[in-house]
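Beneath this line is the structure, given in structure tokens, with notes to follow.
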Amino acid sequence: MVYLKAAEREDQIVASAVTVLSNVGVAAMTLRAVAAEAGVSLGTVQYIFPAKDQLLHAVITRVIRDISDALRPDLAPGKGVEHVLRQGVTGFWEKLVEDNVGLQIMQYELLAYAVRNGDHRLAHQQYDSYTSVVADFCEQAARAAGERCAVGFDTLGRLALAQVDGLILQYIARPDAHRARRDLQRALDMLVAYADPQPMAPHPTRRKPKNNTDD
């Protein structure tokens, strides 16, 4: 086994867990299967992640990081909120949905697993993080482009997530790529219209009062 630093070994195990979860699902995932995928001993996995739930929390953190990393290169915040929404959501769909349905199913299974087992912290972490990715990108774009939106960024993030979530579930049930892309663009049309990003009016400059004192 090749020696890796502790952080690198942990990252390797989490990446392997994502692969196993995407292939077999949450119920069938075992630490032994993750160890086999990572090419390490079961004891190594158990030392870093003594409990399955600890590993699942790390998986969610990894998935959120991967989503942000996948979207960031395609985004130009200076082009504004509409660009970030359209380019970001479309890029996410192309990179992480169409060719990776197992990853999407795994995330829904994680939510169901967390709720069924009373792990509300995992459920909150998962969906709060999804919302934050969209909200943060949109807020950065608004600032960079000098725009304001008709709705708060947190609300915009939740609505974007609700739209994409629904379309992903339909795509999982019936993987019609043409229909999904068409519906995604229509959903984005509605989202952009609701957000209504507009340039902010410049603040008027105050003129300094003249000094009227006599010479």
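How things are named: the first chain in the structure tokens is A, the next is B, and so on; residues count from 1 in each chain; ligands count from 1 in the order shown.
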Please report, as JSON lines, each residue of region 26-52 of chain A lying at most 12 Å from region 108-118 of chain A, together with the nearest pair of atoms and the separation in Å rounded to one decimal; use only C-alpha atoms, and order rows by chain and ascending residue number.
{"residue": "A:Val26", "atom": "CA", "partner": "A:Glu109", "partner_atom": "CA", "distance": 6.3}
{"residue": "A:Ala27", "atom": "CA", "partner": "A:Tyr113", "partner_atom": "CA", "distance": 8.2}
{"residue": "A:Ala28", "atom": "CA", "partner": "A:Glu109", "partner_atom": "CA", "distance": 11.2}
{"residue": "A:Met29", "atom": "CA", "partner": "A:Leu110", "partner_atom": "CA", "distance": 11.3}
{"residue": "A:Lys52", "atom": "CA", "partner": "A:Tyr113", "partner_atom": "CA", "distance": 11.7}
Would you mind listing what lies within 9 Å of Leu167 (chain A) as JSON, numbers by chain, with only C-alpha atoms counted and same-chain residues fewer than 5 positions away left out? {"A": [162, 172, 180, 183, 184]}
Pick out the closest residue to Ser68 (chain A) from this set: A:Leu156, A:Ala35, A:Val20, A:Ala135. Count only C-alpha atoms.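 Comparing A:Leu156, A:Ala35, A:Val20, A:Ala135 against Ser68 (chain A), the winner is A:Ala135.
Taking only C-alpha atoms into account, Thr155 (chain A) lies nearest to A:Thr131 out of the set A:Thr131, A:Arg182, A:Ile48, A:Gln107.
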Among region 44-174 of chain A, which ones does DSSP assign to alpha helix (DSSP H) (computed from the backbone)? Answer as an MDAnalysis selection string. chainID A and resid 44:48 52:71 81:96 101:116 120:145 153:173
Residue with smallest distance to Trp93 (chain A) - pool A:Phe137, A:Ala173, A:Ile168, A:Ala36, counting only C-alpha atoms: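 So, comparing all the options, the nearest one is A:Ile168.
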Tell me, as a compact mmCIF listing (two decimals) with all heavy atoms, in the first residue's frame, which residues lie within 12 Å of region 9-11 of chain A, counting only C-alpha atoms; anything in the same chain fewer than 5 positions away does not count.
# COMPACT_ATOMS: atom_id res chain seq x y z
N MET A 1 0.85 -1.19 0.00
CA MET A 1 0.00 0.00 0.00
C MET A 1 0.88 1.24 0.00
O MET A 1 1.79 1.38 0.81
CB MET A 1 -0.90 0.00 1.24
CG MET A 1 -1.87 1.17 1.31
SD MET A 1 -3.09 0.99 2.67
CE MET A 1 -2.01 0.97 4.09
N VAL A 2 0.64 2.15 -0.93
CA VAL A 2 1.43 3.36 -1.05
C VAL A 2 1.17 4.26 0.14
O VAL A 2 0.02 4.44 0.56
CB VAL A 2 1.08 4.11 -2.36
CG1 VAL A 2 1.87 5.40 -2.47
CG2 VAL A 2 1.35 3.21 -3.56
N TYR A 3 2.26 4.84 0.69
CA TYR A 3 2.09 5.72 1.84
C TYR A 3 1.47 7.04 1.40
O TYR A 3 1.90 7.65 0.41
CB TYR A 3 3.43 6.00 2.53
CG TYR A 3 3.33 7.05 3.61
CD1 TYR A 3 2.79 6.74 4.85
CD2 TYR A 3 3.74 8.36 3.35
CE1 TYR A 3 2.67 7.71 5.83
CE2 TYR A 3 3.62 9.33 4.33
CZ TYR A 3 3.08 8.99 5.57
OH TYR A 3 2.95 9.95 6.54
N LEU A 4 0.46 7.48 2.12
CA LEU A 4 -0.16 8.78 1.88
C LEU A 4 -0.28 9.51 3.20
O LEU A 4 -0.39 8.90 4.26
CB LEU A 4 -1.56 8.62 1.27
CG LEU A 4 -1.67 8.02 -0.13
CD1 LEU A 4 -3.13 7.85 -0.50
CD2 LEU A 4 -0.97 8.90 -1.16
N SER A 16 -13.66 6.94 -2.62
CA SER A 16 -14.05 5.55 -2.83
C SER A 16 -15.47 5.30 -2.32
O SER A 16 -16.23 4.54 -2.93
CB SER A 16 -13.06 4.61 -2.14
OG SER A 16 -11.76 4.75 -2.69
N ALA A 17 -15.82 5.93 -1.21
CA ALA A 17 -17.18 5.79 -0.67
C ALA A 17 -18.20 6.36 -1.64
O ALA A 17 -19.28 5.78 -1.83
CB ALA A 17 -17.28 6.49 0.68
N VAL A 18 -17.88 7.49 -2.29
CA VAL A 18 -18.78 8.07 -3.29
C VAL A 18 -19.00 7.08 -4.42
O VAL A 18 -20.13 6.88 -4.89
CB VAL A 18 -18.22 9.40 -3.83
CG1 VAL A 18 -19.04 9.90 -5.02
CG2 VAL A 18 -18.20 10.46 -2.73
N VAL A 34 -15.92 -0.19 0.88
CA VAL A 34 -15.18 1.04 0.67
C VAL A 34 -13.68 0.78 0.75
O VAL A 34 -12.89 1.29 -0.05
CB VAL A 34 -15.60 2.12 1.69
CG1 VAL A 34 -14.70 3.35 1.59
CG2 VAL A 34 -17.06 2.51 1.48
N ALA A 35 -13.27 -0.03 1.72
CA ALA A 35 -11.85 -0.38 1.86
C ALA A 35 -11.34 -1.09 0.60
O ALA A 35 -10.24 -0.79 0.11
CB ALA A 35 -11.65 -1.27 3.09
N ALA A 38 -10.93 1.42 -2.16
CA ALA A 38 -9.80 2.30 -1.92
C ALA A 38 -8.46 1.57 -1.95
O ALA A 38 -7.40 2.21 -2.01
CB ALA A 38 -9.97 3.01 -0.58
N GLY A 39 -8.49 0.24 -1.87
CA GLY A 39 -7.25 -0.54 -1.84
C GLY A 39 -6.52 -0.43 -0.53
O GLY A 39 -5.28 -0.45 -0.48
N VAL A 40 -7.29 -0.30 0.57
CA VAL A 40 -6.69 -0.22 1.90
C VAL A 40 -7.34 -1.27 2.78
O VAL A 40 -8.33 -1.91 2.40
CB VAL A 40 -6.87 1.18 2.53
CG1 VAL A 40 -6.23 2.25 1.65
CG2 VAL A 40 -8.36 1.50 2.74
N SER A 41 -6.81 -1.45 3.97
CA SER A 41 -7.38 -2.43 4.88
C SER A 41 -8.65 -1.88 5.52
O SER A 41 -8.85 -0.67 5.62
CB SER A 41 -6.37 -2.77 5.99
OG SER A 41 -6.17 -1.66 6.84
N THR A 44 -7.91 0.40 8.40
CA THR A 44 -7.57 1.78 8.06
C THR A 44 -8.83 2.63 7.95
O THR A 44 -8.89 3.75 8.47
CB THR A 44 -6.79 1.83 6.74
OG1 THR A 44 -5.56 1.10 6.88
CG2 THR A 44 -6.46 3.26 6.35
N VAL A 45 -9.85 2.09 7.27
CA VAL A 45 -11.11 2.82 7.12
C VAL A 45 -11.76 3.03 8.49
O VAL A 45 -12.23 4.12 8.81
CB VAL A 45 -12.08 2.07 6.18
CG1 VAL A 45 -13.43 2.77 6.13
CG2 VAL A 45 -11.48 1.97 4.78
N GLN A 46 -11.78 1.98 9.32
CA GLN A 46 -12.41 2.07 10.63
C GLN A 46 -11.65 3.02 11.56
O GLN A 46 -12.26 3.62 12.45
CB GLN A 46 -12.50 0.69 11.26
CG GLN A 46 -13.49 -0.23 10.55
CD GLN A 46 -13.47 -1.64 11.09
OE1 GLN A 46 -12.40 -2.16 11.46
NE2 GLN A 46 -14.64 -2.27 11.15
N TYR A 47 -10.36 3.14 11.38
CA TYR A 47 -9.57 4.06 12.20
C TYR A 47 -9.93 5.51 11.87
O TYR A 47 -10.08 6.36 12.77
CB TYR A 47 -8.07 3.84 11.96
CG TYR A 47 -7.19 4.80 12.71
CD1 TYR A 47 -6.97 4.65 14.08
CD2 TYR A 47 -6.59 5.87 12.05
CE1 TYR A 47 -6.17 5.55 14.78
CE2 TYR A 47 -5.79 6.78 12.74
CZ TYR A 47 -5.58 6.60 14.10
OH TYR A 47 -4.79 7.49 14.79
N ILE A 48 -10.08 5.81 10.57
CA ILE A 48 -10.40 7.18 10.14
C ILE A 48 -11.88 7.49 10.32
O ILE A 48 -12.25 8.59 10.72
CB ILE A 48 -9.96 7.39 8.68
CG1 ILE A 48 -8.44 7.20 8.56
CG2 ILE A 48 -10.36 8.77 8.17
CD1 ILE A 48 -7.91 7.25 7.13
N PHE A 49 -12.72 6.50 10.02
CA PHE A 49 -14.18 6.66 10.14
C PHE A 49 -14.73 5.49 10.96
O PHE A 49 -15.14 4.47 10.41
CB PHE A 49 -14.84 6.69 8.76
CG PHE A 49 -14.42 7.85 7.90
CD1 PHE A 49 -13.52 7.66 6.87
CD2 PHE A 49 -14.91 9.12 8.14
CE1 PHE A 49 -13.12 8.72 6.07
CE2 PHE A 49 -14.52 10.18 7.35
CZ PHE A 49 -13.62 9.99 6.31
N GLN A 54 -20.32 8.75 10.13
CA GLN A 54 -19.24 9.72 10.01
C GLN A 54 -18.75 9.79 8.56
O GLN A 54 -18.47 10.87 8.04
CB GLN A 54 -18.08 9.34 10.93
CG GLN A 54 -18.38 9.54 12.41
CD GLN A 54 -17.22 9.11 13.28
OE1 GLN A 54 -16.73 7.98 13.18
NE2 GLN A 54 -16.75 10.00 14.13
N LEU A 55 -18.66 8.65 7.94
CA LEU A 55 -18.23 8.60 6.54
C LEU A 55 -19.27 9.26 5.64
O LEU A 55 -18.93 9.97 4.69
CB LEU A 55 -17.99 7.15 6.12
CG LEU A 55 -17.55 6.92 4.67
CD1 LEU A 55 -16.30 7.73 4.34
CD2 LEU A 55 -17.28 5.43 4.43
N ALA A 58 -18.90 12.95 5.66
CA ALA A 58 -17.74 13.33 4.86
C ALA A 58 -18.06 13.24 3.37
O ALA A 58 -17.56 14.04 2.56
CB ALA A 58 -16.54 12.44 5.20
N VAL A 59 -18.89 12.27 2.99
CA VAL A 59 -19.29 12.13 1.58
C VAL A 59 -20.06 13.35 1.13
O VAL A 59 -19.82 13.88 0.03
CB VAL A 59 -20.13 10.85 1.40
CG1 VAL A 59 -20.89 10.89 0.07
CG2 VAL A 59 -19.24 9.62 1.44
N THR A 61 -19.91 16.40 2.30
CA THR A 61 -18.95 17.50 2.18
C THR A 61 -18.17 17.38 0.87
O THR A 61 -17.95 18.38 0.17
CB THR A 61 -17.98 17.50 3.37
OG1 THR A 61 -18.73 17.65 4.59
CG2 THR A 61 -16.99 18.63 3.26
N ARG A 62 -17.78 16.16 0.52
CA ARG A 62 -17.03 15.94 -0.73
C ARG A 62 -17.90 16.24 -1.95
O ARG A 62 -17.43 16.87 -2.91
CB ARG A 62 -16.55 14.48 -0.75
CG ARG A 62 -15.98 13.98 -2.09
CD ARG A 62 -14.72 14.72 -2.48
NE ARG A 62 -14.19 14.23 -3.74
CZ ARG A 62 -13.12 13.44 -3.84
NH1 ARG A 62 -12.46 13.06 -2.76
NH2 ARG A 62 -12.69 13.05 -5.03
N VAL A 63 -19.15 15.81 -1.94
CA VAL A 63 -20.03 16.04 -3.08
C VAL A 63 -20.25 17.54 -3.29
O VAL A 63 -20.21 18.03 -4.43
CB VAL A 63 -21.39 15.33 -2.88
CG1 VAL A 63 -22.41 15.78 -3.92
CG2 VAL A 63 -21.20 13.81 -2.97
N ARG A 65 -18.24 19.95 -2.45
CA ARG A 65 -16.99 20.50 -2.98
C ARG A 65 -16.85 20.19 -4.46
O ARG A 65 -16.45 21.05 -5.26
CB ARG A 65 -15.79 19.90 -2.22
CG ARG A 65 -14.45 20.54 -2.57
CD ARG A 65 -13.31 19.76 -1.98
NE ARG A 65 -13.07 18.52 -2.71
CZ ARG A 65 -12.23 17.56 -2.31
NH1 ARG A 65 -11.60 17.68 -1.16
NH2 ARG A 65 -12.06 16.48 -3.04
Contacts of region 192-195 of chain A within 10 Å, only C-alpha atoms, excl. fewer than 2 positions in-chain, as a CSV table (one decimal) with all heavy atoms, in the first residue's frame:
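around-v6.csv written:
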chain,number,residue,atom,x,y,z
A,81,VAL,N,-26.1,37.9,-12.7
A,81,VAL,CA,-26.8,36.8,-12.0
A,81,VAL,C,-27.4,35.9,-13.1
A,81,VAL,O,-27.4,34.6,-12.9
A,81,VAL,CB,-27.9,37.4,-11.1
A,81,VAL,CG1,-28.8,36.2,-10.6
A,81,VAL,CG2,-27.3,38.2,-10.0
A,82,GLU,N,-28.0,36.4,-14.1
A,82,GLU,CA,-28.6,35.5,-15.1
A,82,GLU,C,-27.6,34.6,-15.7
A,82,GLU,O,-27.9,33.4,-15.9
A,82,GLU,CB,-29.3,36.3,-16.3
A,82,GLU,CG,-29.9,35.4,-17.3
A,82,GLU,CD,-30.7,36.2,-18.4
A,82,GLU,OE1,-30.8,37.4,-18.3
A,82,GLU,OE2,-31.2,35.6,-19.3
A,83,HIS,N,-26.4,35.1,-16.0
A,83,HIS,CA,-25.3,34.2,-16.6
A,83,HIS,C,-25.0,33.1,-15.6
A,83,HIS,O,-24.9,31.9,-16.0
A,83,HIS,CB,-24.1,35.1,-16.9
A,83,HIS,CG,-22.8,34.3,-17.0
A,83,HIS,ND1,-22.5,33.6,-18.2
A,83,HIS,CD2,-21.9,34.0,-16.1
A,83,HIS,CE1,-21.4,32.9,-18.0
A,83,HIS,NE2,-20.9,33.2,-16.7
A,85,LEU,N,-26.8,31.8,-13.2
A,85,LEU,CA,-27.9,30.8,-13.1
A,85,LEU,C,-27.9,29.9,-14.3
A,85,LEU,O,-27.9,28.7,-14.1
A,85,LEU,CB,-29.2,31.5,-12.9
A,85,LEU,CG,-29.5,32.1,-11.5
A,85,LEU,CD1,-30.8,32.9,-11.6
A,85,LEU,CD2,-29.7,30.9,-10.5
A,86,ARG,N,-27.9,30.5,-15.5
A,86,ARG,CA,-28.0,29.7,-16.7
A,86,ARG,C,-26.8,28.8,-16.9
A,86,ARG,O,-26.9,27.6,-17.1
A,86,ARG,CB,-28.3,30.6,-17.9
A,86,ARG,CG,-29.6,31.3,-17.9
A,86,ARG,CD,-29.9,31.9,-19.2
A,86,ARG,NE,-31.2,32.7,-19.2
A,86,ARG,CZ,-32.4,32.1,-19.4
A,86,ARG,NH1,-32.5,30.8,-19.7
A,86,ARG,NH2,-33.5,32.9,-19.4
A,148,ARG,N,-29.0,44.1,-8.5
A,148,ARG,CA,-29.8,43.7,-7.4
A,148,ARG,C,-30.9,42.7,-8.0
A,148,ARG,O,-31.3,42.8,-9.1
A,148,ARG,CB,-30.5,44.9,-6.8
A,148,ARG,CG,-31.4,45.7,-7.7
A,148,ARG,CD,-32.8,45.4,-7.4
A,148,ARG,NE,-33.7,46.1,-8.3
A,148,ARG,CZ,-34.5,45.5,-9.2
A,148,ARG,NH1,-34.5,44.2,-9.3
A,148,ARG,NH2,-35.3,46.2,-10.0
A,149,CYS,N,-31.4,41.9,-7.1
A,149,CYS,CA,-32.5,40.9,-7.5
A,149,CYS,C,-33.7,41.2,-6.7
A,149,CYS,O,-33.7,41.8,-5.6
A,149,CYS,CB,-32.0,39.5,-7.2
A,149,CYS,SG,-30.8,38.9,-8.3
A,150,ALA,N,-34.9,40.8,-7.3
A,150,ALA,CA,-36.2,41.0,-6.7
A,150,ALA,C,-36.4,40.1,-5.5
A,150,ALA,O,-37.5,40.2,-4.8
A,150,ALA,CB,-37.3,41.0,-7.7
A,151,VAL,N,-35.6,39.1,-5.3
A,151,VAL,CA,-35.8,38.1,-4.3
A,151,VAL,C,-34.4,37.9,-3.6
A,151,VAL,O,-33.4,38.1,-4.2
A,151,VAL,CB,-36.3,36.8,-4.9
A,151,VAL,CG1,-35.3,36.2,-5.9
A,151,VAL,CG2,-36.7,35.8,-3.8
A,152,GLY,N,-34.5,37.5,-2.3
A,152,GLY,CA,-33.2,37.3,-1.5
A,152,GLY,C,-32.5,36.1,-2.1
A,152,GLY,O,-33.0,35.2,-2.7
A,153,PHE,N,-31.2,36.1,-1.9
A,153,PHE,CA,-30.3,35.1,-2.5
A,153,PHE,C,-30.6,33.7,-1.9
A,153,PHE,O,-30.5,32.7,-2.6
A,153,PHE,CB,-28.9,35.4,-2.4
A,153,PHE,CG,-28.5,36.7,-3.2
A,153,PHE,CD1,-28.2,37.8,-2.6
A,153,PHE,CD2,-28.6,36.6,-4.6
A,153,PHE,CE1,-27.9,39.0,-3.3
A,153,PHE,CE2,-28.3,37.8,-5.4
A,153,PHE,CZ,-27.9,39.0,-4.7
A,155,THR,N,-33.5,32.6,-0.8
A,155,THR,CA,-34.7,32.1,-1.4
A,155,THR,C,-34.4,31.7,-2.9
A,155,THR,O,-35.0,30.7,-3.3
A,155,THR,CB,-35.8,33.3,-1.4
A,155,THR,OG1,-36.0,33.7,-0.1
A,155,THR,CG2,-37.1,32.8,-2.1
A,156,LEU,N,-33.6,32.5,-3.6
A,156,LEU,CA,-33.3,32.1,-4.9
A,156,LEU,C,-32.6,30.7,-5.0
A,156,LEU,O,-32.9,29.9,-5.9
A,156,LEU,CB,-32.4,33.2,-5.5
A,156,LEU,CG,-32.1,33.1,-7.0
A,156,LEU,CD1,-33.3,33.2,-7.8
A,156,LEU,CD2,-31.2,34.3,-7.4
A,159,LEU,N,-35.2,28.0,-4.4
A,159,LEU,CA,-36.1,27.8,-5.6
A,159,LEU,C,-35.4,27.1,-6.7
A,159,LEU,O,-35.9,26.2,-7.4
A,159,LEU,CB,-36.7,29.1,-6.0
A,159,LEU,CG,-37.7,29.8,-5.1
A,159,LEU,CD1,-38.0,31.2,-5.6
A,159,LEU,CD2,-38.9,28.9,-4.9
A,160,ALA,N,-34.1,27.5,-6.9
A,160,ALA,CA,-33.3,26.8,-8.0
A,160,ALA,C,-33.1,25.3,-7.6
A,160,ALA,O,-33.3,24.5,-8.5
A,160,ALA,CB,-31.9,27.5,-8.1
A,186,ARG,N,-36.6,25.9,-19.8
A,186,ARG,CA,-37.8,26.6,-19.4
A,186,ARG,C,-37.9,26.9,-18.0
A,186,ARG,O,-38.4,28.0,-17.5
A,186,ARG,CB,-39.0,25.7,-19.9
A,186,ARG,CG,-39.2,25.7,-21.4
A,186,ARG,CD,-40.2,24.7,-21.8
A,186,ARG,NE,-40.4,24.7,-23.2
A,186,ARG,CZ,-41.2,23.8,-23.9
A,186,ARG,NH1,-41.8,22.8,-23.2
A,186,ARG,NH2,-41.3,23.8,-25.2
A,187,ALA,N,-37.4,26.0,-17.1
A,187,ALA,CA,-37.3,26.3,-15.7
A,187,ALA,C,-36.4,27.4,-15.4
A,187,ALA,O,-36.7,28.3,-14.5
A,187,ALA,CB,-36.8,25.0,-15.0
A,188,LEU,N,-35.3,27.5,-16.1
A,188,LEU,CA,-34.4,28.6,-15.9
A,188,LEU,C,-35.0,30.0,-16.4
A,188,LEU,O,-34.8,31.0,-15.7
A,188,LEU,CB,-33.1,28.4,-16.7
A,188,LEU,CG,-32.1,27.3,-16.0
A,188,LEU,CD1,-31.0,27.0,-16.9
A,188,LEU,CD2,-31.6,27.9,-14.7
A,189,ASP,N,-35.8,29.9,-17.4
A,189,ASP,CA,-36.5,31.1,-17.9
A,189,ASP,C,-37.4,31.6,-16.7
A,189,ASP,O,-37.4,32.9,-16.5
A,189,ASP,CB,-37.4,30.8,-19.1
A,189,ASP,CG,-36.6,30.6,-20.3
A,189,ASP,OD1,-35.4,30.9,-20.4
A,189,ASP,OD2,-37.1,30.0,-21.3
A,190,MET,N,-38.1,30.7,-16.1
A,190,MET,CA,-39.0,31.1,-15.0
A,190,MET,C,-38.2,31.7,-13.8
A,190,MET,O,-38.5,32.7,-13.2
A,190,MET,CB,-39.8,30.0,-14.5
A,190,MET,CG,-40.9,29.6,-15.5
A,190,MET,SD,-42.1,28.3,-14.9
A,190,MET,CE,-41.0,26.9,-14.8
A,197,PRO,N,-33.0,40.2,-12.2
A,197,PRO,CA,-31.8,40.9,-11.9
A,197,PRO,C,-31.7,42.2,-12.7
A,197,PRO,O,-31.9,42.2,-13.9
A,197,PRO,CB,-30.6,40.0,-12.3
A,197,PRO,CG,-31.2,39.0,-13.2
A,197,PRO,CD,-32.7,38.9,-12.9
A,198,GLN,N,-31.5,43.3,-12.0
A,198,GLN,CA,-31.4,44.6,-12.7
A,198,GLN,C,-30.2,45.4,-12.2
A,198,GLN,O,-29.8,45.2,-11.0
A,198,GLN,CB,-32.7,45.4,-12.4
A,198,GLN,CG,-34.0,44.8,-12.9
A,198,GLN,CD,-34.1,44.9,-14.4
A,198,GLN,OE1,-33.5,45.7,-15.0
A,198,GLN,NE2,-34.8,43.9,-15.0
Contacts of Ala141 (chain A) within 9 Å, only C-alpha atoms, excl. fewer than 4 positions in-chain, as a PyMOL selection string: chain A and resi 76-84+136-137+145-147
For Gln126 (chain A), please output as an MDAnalysis selection string all residues within 7 Å (counting only C-alpha atoms; exclusion window: fewer than 4 positions along the same chain). chainID A and resid 60 122 130
Can you measure CA of Ala33 (chain A) to CA of Ala123 (chain A) for me? One decimal in Å is fine. 23.7 Å
Please extract the residues of region 3-203 of chain A with a backbone DSSP assignment of strand (DSSP E or B) and present them as a ChimeraX atom specification. /A:147-148,198-199
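One finds CA of Met106 (chain A) at 16.6 Å from CA of Ile13 (chain A).
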One decimal, in Å: what's the spacing between CA of Ile67 (chain A) and CA of Asp165 (chain A)?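 CA of Asp165 (chain A) lies 14.3 Å from CA of Ile67 (chain A).
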